[in-house]
Amino acid sequence: MNNNFDAVRIVLALIVVFAHILALTQLNDFNIFELIFNSNFAVKGFFAISGFLVMKSYLNSKNIFEYGEKRFRRIYPAYFIAIILCLCIGLIVTKLNTIDFIKSNDTLKYLFFNLIFLNFIQPTLPSVFTDNPIQALDGSLWTIKIELMLYFCIPLLVFFFNRFGSLKTSIFVYFLSIFWTYYFINIYSGVKGEEIARQFPGQIAYFTIGSLYFENKKIFNKLKLISLISLLTIFITNNSFIRLFVDPVAYSSIVIFLATSNYKNIKIGKYGDISYGIYLYHFPIIQLIIFSGLFKLNAWIGLFSVFLLTITISLLSWHIVEKKLLKRSSHYVAFAKG
């Protein structure tokens, strides 16, 4: 199927980069980014696209083991590189001597917990980026554990799609996700309620709606109308309670529509799938550029340096490591050959 999933994912990844440049530098020069680039939309758009494409991957797999292998090959190599990149940056910029840094419990905890996707347990390295406004090495990694949980949900979704129908199942999961989010934002009185709300299963509505669009052709054929109505609803109201219900449908429908509308097929995938690399690598690169003082010297040179390094490392990661570990049936391998 002709599509623009690669182009849309790159755009979403770049939106996250712009948003993080503002958040991490805290420079007034970039305040305009807050009005233009919505990282919340971008992340949730990623979950919706993932639902569409991962459902396709599962249904095209011979068995659940092949499905799991394909997911591992696509996710873990670049993720592993991101952790090692952060570790190398930490080794270079830490205020500790090399031996103390390597032997530090915080370094060992960082390596262990990040390699098993629990980066929230140890997001920092000892005496690294202590003068930066934020000290985390890679704040983008929080979504990867959610992505993995959603991958595990696909066999269950398919089972319930077949048993009760894809639309009924999706509506049930949609309300479950909304209830989780509403409870932890508005009712829960403990700490970090908003942070818990955005974790699994708070994001499953976006993933499931994306899966529904791939599996249910009747619903997919109404995608343009659903996108238009939900987009108009967003413009009409900013009520947080209404948006709780509208956003999963709107965000998911809009990104899937943009990726499948085919007004013009942008064959950017022939250069490789660098959107994942951009998403993984940009955060530590921004932190390194802040540490270097380049943003203070000139904010826009700092921004250009971030994009140059991020795209370069993403391309190298794709062509040297990621692509080589994909199965030959991957459409990216086909692009490279053709």
# chains A, B, ... in the order shown; residues from 1 in each chain; ligands from 1
$ residues_around --residues "Ile89 (chain A)" --least-positions-apart "2" --cutoff "10 Å" --atoms "only C-alpha atoms" --output "list in words"
Ile83, Ile84, Leu85, Cys86, Leu87, Leu91, Ile92, Val93, Thr94, Leu125, Val128, Phe129, Leu137, Pro284, Ile285, Gln287 and Leu288 of chain A
$ residues_around --residues "region 7-20 of chain A" --least-positions-apart "4" --cutoff "8 Å" --atoms "only C-alpha atoms" --output "ChimeraX atom specification"
/A:24,33-34,37-39,42-43,45-46,255,258-259,266-269,274-276,278-279,282-283
$ write_last_selection --atoms "N, CA and C atoms" --output "compact mmCIF listing (two decimals), in the first residue's frame"
# COMPACT_ATOMS: atom_id res chain seq x y z
N LEU A 24 14.46 21.90 27.54
CA LEU A 24 15.78 21.64 28.13
C LEU A 24 16.65 22.89 28.20
N PHE A 33 8.25 28.00 19.98
CA PHE A 33 8.07 26.55 19.78
C PHE A 33 6.88 26.01 20.57
N GLU A 34 6.62 26.64 21.74
CA GLU A 34 5.52 26.17 22.59
C GLU A 34 4.18 26.34 21.89
N PHE A 37 4.76 23.66 18.28
CA PHE A 37 5.09 22.23 18.36
C PHE A 37 4.51 21.61 19.62
N ASN A 38 3.56 20.70 19.43
CA ASN A 38 2.87 20.03 20.53
C ASN A 38 3.41 18.61 20.68
N SER A 39 4.31 18.41 21.63
CA SER A 39 4.91 17.08 21.79
C SER A 39 3.89 16.06 22.29
N ALA A 42 2.37 14.72 19.25
CA ALA A 42 3.34 13.89 18.52
C ALA A 42 3.48 12.51 19.14
N VAL A 43 3.62 12.45 20.46
CA VAL A 43 3.79 11.16 21.14
C VAL A 43 2.55 10.29 20.97
N GLY A 45 0.35 10.57 18.63
CA GLY A 45 0.29 10.21 17.21
C GLY A 45 1.16 9.02 16.90
N PHE A 46 2.32 8.94 17.55
CA PHE A 46 3.20 7.77 17.40
C PHE A 46 2.50 6.49 17.86
N VAL A 255 -3.45 11.59 12.29
CA VAL A 255 -2.15 11.08 11.85
C VAL A 255 -2.31 9.92 10.87
N LEU A 258 -3.32 11.47 7.51
CA LEU A 258 -2.18 12.10 6.84
C LEU A 258 -1.23 11.05 6.26
N ALA A 259 -1.12 9.92 6.94
CA ALA A 259 -0.19 8.87 6.50
C ALA A 259 -0.75 8.03 5.36
N ILE A 266 5.26 10.45 -0.61
CA ILE A 266 6.62 10.91 -0.33
C ILE A 266 7.46 9.70 0.03
N LYS A 267 8.30 9.25 -0.87
CA LYS A 267 9.04 8.00 -0.68
C LYS A 267 10.32 8.22 0.11
N ILE A 268 10.14 8.82 1.29
CA ILE A 268 11.32 9.10 2.12
C ILE A 268 11.85 7.84 2.76
N GLY A 269 11.02 6.77 2.79
CA GLY A 269 11.45 5.52 3.39
C GLY A 269 12.61 4.88 2.68
N ILE A 274 14.51 6.68 9.88
CA ILE A 274 15.31 7.40 10.87
C ILE A 274 14.45 8.08 11.93
N SER A 275 13.13 7.99 11.82
CA SER A 275 12.27 8.66 12.80
C SER A 275 12.51 8.11 14.20
N TYR A 276 12.69 6.82 14.32
CA TYR A 276 12.94 6.19 15.62
C TYR A 276 14.28 6.66 16.19
N ILE A 278 15.84 9.50 15.45
CA ILE A 278 15.67 10.91 15.83
C ILE A 278 15.04 11.01 17.21
N TYR A 279 14.01 10.20 17.42
CA TYR A 279 13.30 10.23 18.70
C TYR A 279 14.21 9.79 19.86
N HIS A 282 17.94 12.40 20.10
CA HIS A 282 18.00 13.87 20.15
C HIS A 282 18.18 14.40 21.57
N PHE A 283 17.58 13.73 22.57
CA PHE A 283 17.59 14.26 23.94
C PHE A 283 19.00 14.36 24.51
$ atom_distance --atom1 "CA of Phe307 (chain A)" --atom2 "CA of Tyr281 (chain A)"
10.4 Å
$ select_by_dssp --residues "region 105-135 of chain A" --states "alpha helix (DSSP H)" --output "list in words"
Asn105, Asp106, Thr107, Leu108, Lys109, Tyr110, Leu111, Phe112, Phe113, Asn114 and Leu115 of chain A
$ write_last_selection --atoms "N, CA and C atoms" --output "PDB file, in the first residue's frame"
ATOM      1  N   ASN A 105      27.626   3.263  41.888  1.00  0.00           N
ATOM      2  CA  ASN A 105      26.377   2.507  41.901  1.00  0.00           C
ATOM      3  C   ASN A 105      25.339   3.122  40.973  1.00  0.00           C
ATOM      4  N   ASP A 106      25.353   4.450  40.879  1.00  0.00           N
ATOM      5  CA  ASP A 106      24.398   5.131  39.995  1.00  0.00           C
ATOM      6  C   ASP A 106      24.656   4.783  38.531  1.00  0.00           C
ATOM      7  N   THR A 107      25.912   4.636  38.157  1.00  0.00           N
ATOM      8  CA  THR A 107      26.239   4.248  36.777  1.00  0.00           C
ATOM      9  C   THR A 107      25.740   2.833  36.492  1.00  0.00           C
ATOM     10  N   LEU A 108      25.996   1.919  37.425  1.00  0.00           N
ATOM     11  CA  LEU A 108      25.550   0.537  37.253  1.00  0.00           C
ATOM     12  C   LEU A 108      24.031   0.455  37.226  1.00  0.00           C
ATOM     13  N   LYS A 109      23.377   1.228  38.103  1.00  0.00           N
ATOM     14  CA  LYS A 109      21.915   1.254  38.122  1.00  0.00           C
ATOM     15  C   LYS A 109      21.374   1.828  36.813  1.00  0.00           C
ATOM     16  N   TYR A 110      22.030   2.884  36.318  1.00  0.00           N
ATOM     17  CA  TYR A 110      21.591   3.482  35.051  1.00  0.00           C
ATOM     18  C   TYR A 110      21.655   2.455  33.928  1.00  0.00           C
ATOM     19  N   LEU A 111      22.781   1.773  33.836  1.00  0.00           N
ATOM     20  CA  LEU A 111      22.964   0.798  32.763  1.00  0.00           C
ATOM     21  C   LEU A 111      21.953  -0.342  32.883  1.00  0.00           C
ATOM     22  N   PHE A 112      21.794  -0.877  34.075  1.00  0.00           N
ATOM     23  CA  PHE A 112      20.914  -2.036  34.264  1.00  0.00           C
ATOM     24  C   PHE A 112      19.453  -1.683  34.003  1.00  0.00           C
ATOM     25  N   PHE A 113      18.951  -0.665  34.677  1.00  0.00           N
ATOM     26  CA  PHE A 113      17.524  -0.354  34.582  1.00  0.00           C
ATOM     27  C   PHE A 113      17.137   0.224  33.226  1.00  0.00           C
ATOM     28  N   ASN A 114      18.035   0.971  32.611  1.00  0.00           N
ATOM     29  CA  ASN A 114      17.711   1.503  31.295  1.00  0.00           C
ATOM     30  C   ASN A 114      17.706   0.411  30.231  1.00  0.00           C
ATOM     31  N   LEU A 115      18.590  -0.572  30.369  1.00  0.00           N
ATOM     32  CA  LEU A 115      18.624  -1.657  29.390  1.00  0.00           C
ATOM     33  C   LEU A 115      17.381  -2.541  29.458  1.00  0.00           C
TER      34      LEU A 115
END
$ closest_residue --among "A:Phe257, A:Ile290, A:Trp180, A:Gly272" --to "Glu194 (chain A)" --atoms "only C-alpha atoms"
A:Trp180
$ closest_residue --among "A:Pro123, A:Gly302, A:Gly139, A:Gly210" --to "Ile254 (chain A)" --atoms "only C-alpha atoms"
A:Gly210
$ residues_around --residues "Asp29 (chain A)" --least-positions-apart "6" --cutoff "12 Å" --atoms "only C-alpha atoms" --output "PyMOL selection string"
chain A and resi 21-23+295-296+298-303
$ atom_distance --atom1 "CA of Leu315 (chain A)" --atom2 "CA of Ile286 (chain A)"
17.3 Å
$ atom_distance --atom1 "CA of Val158 (chain A)" --atom2 "CA of Ala197 (chain A)"
25.1 Å
$ closest_atom_pairs --of "region 63-178 of chain A" --to "region 237-253 of chain A" --cutoff "9 Å" --atoms "only C-alpha atoms" --output "CSV"
residue,atom,partner,partner_atom,distance
A:Tyr174,CA,A:Pro248,CA,8.0
A:Phe175,CA,A:Phe245,CA,8.4
A:Ile178,CA,A:Leu244,CA,6.7
$ write_last_selection --atoms "C-alpha atoms" --output "CSV table (one decimal), in the first residue's frame"
chain,number,residue,atom,x,y,z
A,174,TYR,CA,-11.2,3.5,24.7
A,175,PHE,CA,-13.4,4.0,27.8
A,178,ILE,CA,-10.2,7.4,29.5
$ closest_residue --among "A:Phe117, A:Gly51, A:Gly165, A:Lys62" --to "Tyr76 (chain A)" --atoms "only C-alpha atoms"
A:Phe117
$ decode --residues "region 12-155 of chain A" --atoms "C-alpha atoms" --output "mmCIF file, in the first residue's frame"
data_model
loop_
_atom_site.group_PDB
_atom_site.id
_atom_site.type_symbol
_atom_site.label_atom_id
_atom_site.label_comp_id
_atom_site.auth_asym_id
_atom_site.auth_seq_id
_atom_site.Cartn_x
_atom_site.Cartn_y
_atom_site.Cartn_z
ATOM 1 C CA LEU A 12 6.251 13.784 14.598
ATOM 2 C CA ALA A 13 9.805 13.028 15.755
ATOM 3 C CA LEU A 14 10.959 16.518 14.755
ATOM 4 C CA ILE A 15 8.051 18.068 16.675
ATOM 5 C CA VAL A 16 9.321 16.281 19.787
ATOM 6 C CA VAL A 17 12.847 17.589 19.123
ATOM 7 C CA PHE A 18 11.667 21.207 18.902
ATOM 8 C CA ALA A 19 9.590 20.821 22.076
ATOM 9 C CA HIS A 20 12.519 19.329 23.983
ATOM 10 C CA ILE A 21 14.904 22.042 22.808
ATOM 11 C CA LEU A 22 12.629 24.589 24.478
ATOM 12 C CA ALA A 23 12.106 22.498 27.628
ATOM 13 C CA LEU A 24 15.781 21.641 28.130
ATOM 14 C CA THR A 25 17.401 24.974 27.215
ATOM 15 C CA GLN A 26 14.671 27.137 28.790
ATOM 16 C CA LEU A 27 15.730 29.927 26.442
ATOM 17 C CA ASN A 28 13.303 32.722 25.564
ATOM 18 C CA ASP A 29 14.568 32.566 21.967
ATOM 19 C CA PHE A 30 12.584 29.342 21.529
ATOM 20 C CA ASN A 31 9.324 30.345 23.242
ATOM 21 C CA ILE A 32 7.602 30.330 19.854
ATOM 22 C CA PHE A 33 8.069 26.552 19.775
ATOM 23 C CA GLU A 34 5.522 26.170 22.586
ATOM 24 C CA LEU A 35 2.827 27.620 20.322
ATOM 25 C CA ILE A 36 3.789 25.626 17.225
ATOM 26 C CA PHE A 37 5.090 22.233 18.355
ATOM 27 C CA ASN A 38 2.874 20.030 20.533
ATOM 28 C CA SER A 39 4.913 17.081 21.794
ATOM 29 C CA ASN A 40 1.796 15.640 23.450
ATOM 30 C CA PHE A 41 0.160 15.330 20.027
ATOM 31 C CA ALA A 42 3.341 13.895 18.517
ATOM 32 C CA VAL A 43 3.792 11.161 21.139
ATOM 33 C CA LYS A 44 0.138 10.118 20.999
ATOM 34 C CA GLY A 45 0.288 10.213 17.211
ATOM 35 C CA PHE A 46 3.201 7.774 17.399
ATOM 36 C CA PHE A 47 1.082 5.388 19.483
ATOM 37 C CA ALA A 48 -1.750 5.538 16.934
ATOM 38 C CA ILE A 49 0.575 4.861 13.996
ATOM 39 C CA SER A 50 2.185 2.068 15.975
ATOM 40 C CA GLY A 51 -1.233 0.502 16.509
ATOM 41 C CA PHE A 52 -1.938 0.556 12.769
ATOM 42 C CA LEU A 53 1.446 -0.819 11.697
ATOM 43 C CA VAL A 54 1.944 -3.313 14.526
ATOM 44 C CA MET A 55 -1.505 -4.783 13.932
ATOM 45 C CA LYS A 56 -0.453 -5.217 10.312
ATOM 46 C CA SER A 57 2.820 -6.825 11.420
ATOM 47 C CA TYR A 58 1.026 -9.262 13.725
ATOM 48 C CA LEU A 59 -1.574 -10.302 11.145
ATOM 49 C CA ASN A 60 1.182 -10.807 8.553
ATOM 50 C CA SER A 61 3.301 -12.943 10.905
ATOM 51 C CA LYS A 62 3.276 -16.729 10.700
ATOM 52 C CA ASN A 63 3.005 -17.054 14.473
ATOM 53 C CA ILE A 64 3.427 -15.097 17.691
ATOM 54 C CA PHE A 65 7.133 -15.940 17.878
ATOM 55 C CA GLU A 66 7.850 -14.398 14.480
ATOM 56 C CA TYR A 67 5.835 -11.351 15.538
ATOM 57 C CA GLY A 68 7.894 -11.024 18.734
ATOM 58 C CA GLU A 69 11.137 -11.439 16.826
ATOM 59 C CA LYS A 70 10.217 -8.694 14.370
ATOM 60 C CA ARG A 71 9.317 -6.317 17.187
ATOM 61 C CA PHE A 72 12.575 -7.057 19.041
ATOM 62 C CA ARG A 73 14.687 -6.563 15.904
ATOM 63 C CA ARG A 74 13.068 -3.192 15.245
ATOM 64 C CA ILE A 75 13.025 -1.793 18.772
ATOM 65 C CA TYR A 76 16.012 -3.029 20.754
ATOM 66 C CA PRO A 77 19.132 -2.396 18.604
ATOM 67 C CA ALA A 78 18.602 1.381 18.366
ATOM 68 C CA TYR A 79 17.419 1.503 21.980
ATOM 69 C CA PHE A 80 20.625 -0.246 23.065
ATOM 70 C CA ILE A 81 22.694 2.257 21.069
ATOM 71 C CA ALA A 82 20.858 5.135 22.766
ATOM 72 C CA ILE A 83 21.776 3.783 26.228
ATOM 73 C CA ILE A 84 25.419 3.284 25.240
ATOM 74 C CA LEU A 85 25.506 6.767 23.666
ATOM 75 C CA CYS A 86 24.283 8.262 26.941
ATOM 76 C CA LEU A 87 26.852 6.262 28.874
ATOM 77 C CA CYS A 88 29.666 7.497 26.601
ATOM 78 C CA ILE A 89 28.496 11.097 26.897
ATOM 79 C CA GLY A 90 28.373 10.689 30.663
ATOM 80 C CA LEU A 91 31.899 9.290 30.702
ATOM 81 C CA ILE A 92 33.135 12.333 28.771
ATOM 82 C CA VAL A 93 31.373 15.099 30.706
ATOM 83 C CA THR A 94 31.204 13.736 34.274
ATOM 84 C CA LYS A 95 32.973 15.676 37.002
ATOM 85 C CA LEU A 96 34.161 12.378 38.486
ATOM 86 C CA ASN A 97 37.331 10.658 37.399
ATOM 87 C CA THR A 98 36.848 7.742 35.012
ATOM 88 C CA ILE A 99 37.321 4.960 37.582
ATOM 89 C CA ASP A 100 34.928 6.501 40.114
ATOM 90 C CA PHE A 101 32.340 7.077 37.399
ATOM 91 C CA ILE A 102 32.500 3.481 36.157
ATOM 92 C CA LYS A 103 32.407 2.033 39.683
ATOM 93 C CA SER A 104 29.569 4.279 40.856
ATOM 94 C CA ASN A 105 26.377 2.507 41.901
ATOM 95 C CA ASP A 106 24.398 5.131 39.995
ATOM 96 C CA THR A 107 26.239 4.248 36.777
ATOM 97 C CA LEU A 108 25.550 0.537 37.253
ATOM 98 C CA LYS A 109 21.915 1.254 38.122
ATOM 99 C CA TYR A 110 21.591 3.482 35.051
ATOM 100 C CA LEU A 111 22.964 0.798 32.763
ATOM 101 C CA PHE A 112 20.914 -2.036 34.264
ATOM 102 C CA PHE A 113 17.524 -0.354 34.582
ATOM 103 C CA ASN A 114 17.711 1.503 31.295
ATOM 104 C CA LEU A 115 18.624 -1.657 29.390
ATOM 105 C CA ILE A 116 15.427 -3.286 30.688
ATOM 106 C CA PHE A 117 13.286 -0.212 29.852
ATOM 107 C CA LEU A 118 12.890 0.984 33.464
ATOM 108 C CA ASN A 119 14.709 4.262 32.886
ATOM 109 C CA PHE A 120 12.504 6.124 35.388
ATOM 110 C CA ILE A 121 14.317 4.317 38.225
ATOM 111 C CA GLN A 122 17.689 5.865 37.274
ATOM 112 C CA PRO A 123 17.396 8.626 34.630
ATOM 113 C CA THR A 124 20.686 10.344 35.524
ATOM 114 C CA LEU A 125 24.381 9.521 35.672
ATOM 115 C CA PRO A 126 26.681 10.621 38.536
ATOM 116 C CA SER A 127 27.934 14.229 38.263
ATOM 117 C CA VAL A 128 26.684 14.508 34.669
ATOM 118 C CA PHE A 129 24.909 17.643 33.384
ATOM 119 C CA THR A 130 24.688 18.996 36.929
ATOM 120 C CA ASP A 131 24.724 22.577 35.596
ATOM 121 C CA ASN A 132 22.055 21.924 32.954
ATOM 122 C CA PRO A 133 18.492 23.005 33.839
ATOM 123 C CA ILE A 134 17.472 19.311 33.693
ATOM 124 C CA GLN A 135 19.868 16.455 34.451
ATOM 125 C CA ALA A 136 18.145 13.438 32.812
ATOM 126 C CA LEU A 137 20.193 11.804 30.052
ATOM 127 C CA ASP A 138 17.312 10.761 27.806
ATOM 128 C CA GLY A 139 13.836 11.836 28.824
ATOM 129 C CA SER A 140 12.352 10.393 25.634
ATOM 130 C CA LEU A 141 12.753 6.807 26.778
ATOM 131 C CA TRP A 142 9.667 6.798 29.009
ATOM 132 C CA THR A 143 7.431 5.912 26.043
ATOM 133 C CA ILE A 144 9.371 2.806 25.015
ATOM 134 C CA LYS A 145 8.197 0.665 27.924
ATOM 135 C CA ILE A 146 4.615 1.672 27.099
ATOM 136 C CA GLU A 147 5.210 0.750 23.470
ATOM 137 C CA LEU A 148 6.387 -2.707 24.566
ATOM 138 C CA MET A 149 3.305 -3.218 26.729
ATOM 139 C CA LEU A 150 1.127 -2.277 23.777
ATOM 140 C CA TYR A 151 2.923 -4.858 21.630
ATOM 141 C CA PHE A 152 1.944 -7.508 24.184
ATOM 142 C CA CYS A 153 -1.662 -6.318 23.920
ATOM 143 C CA ILE A 154 -1.928 -7.007 20.184
ATOM 144 C CA PRO A 155 -2.621 -10.785 20.469
#
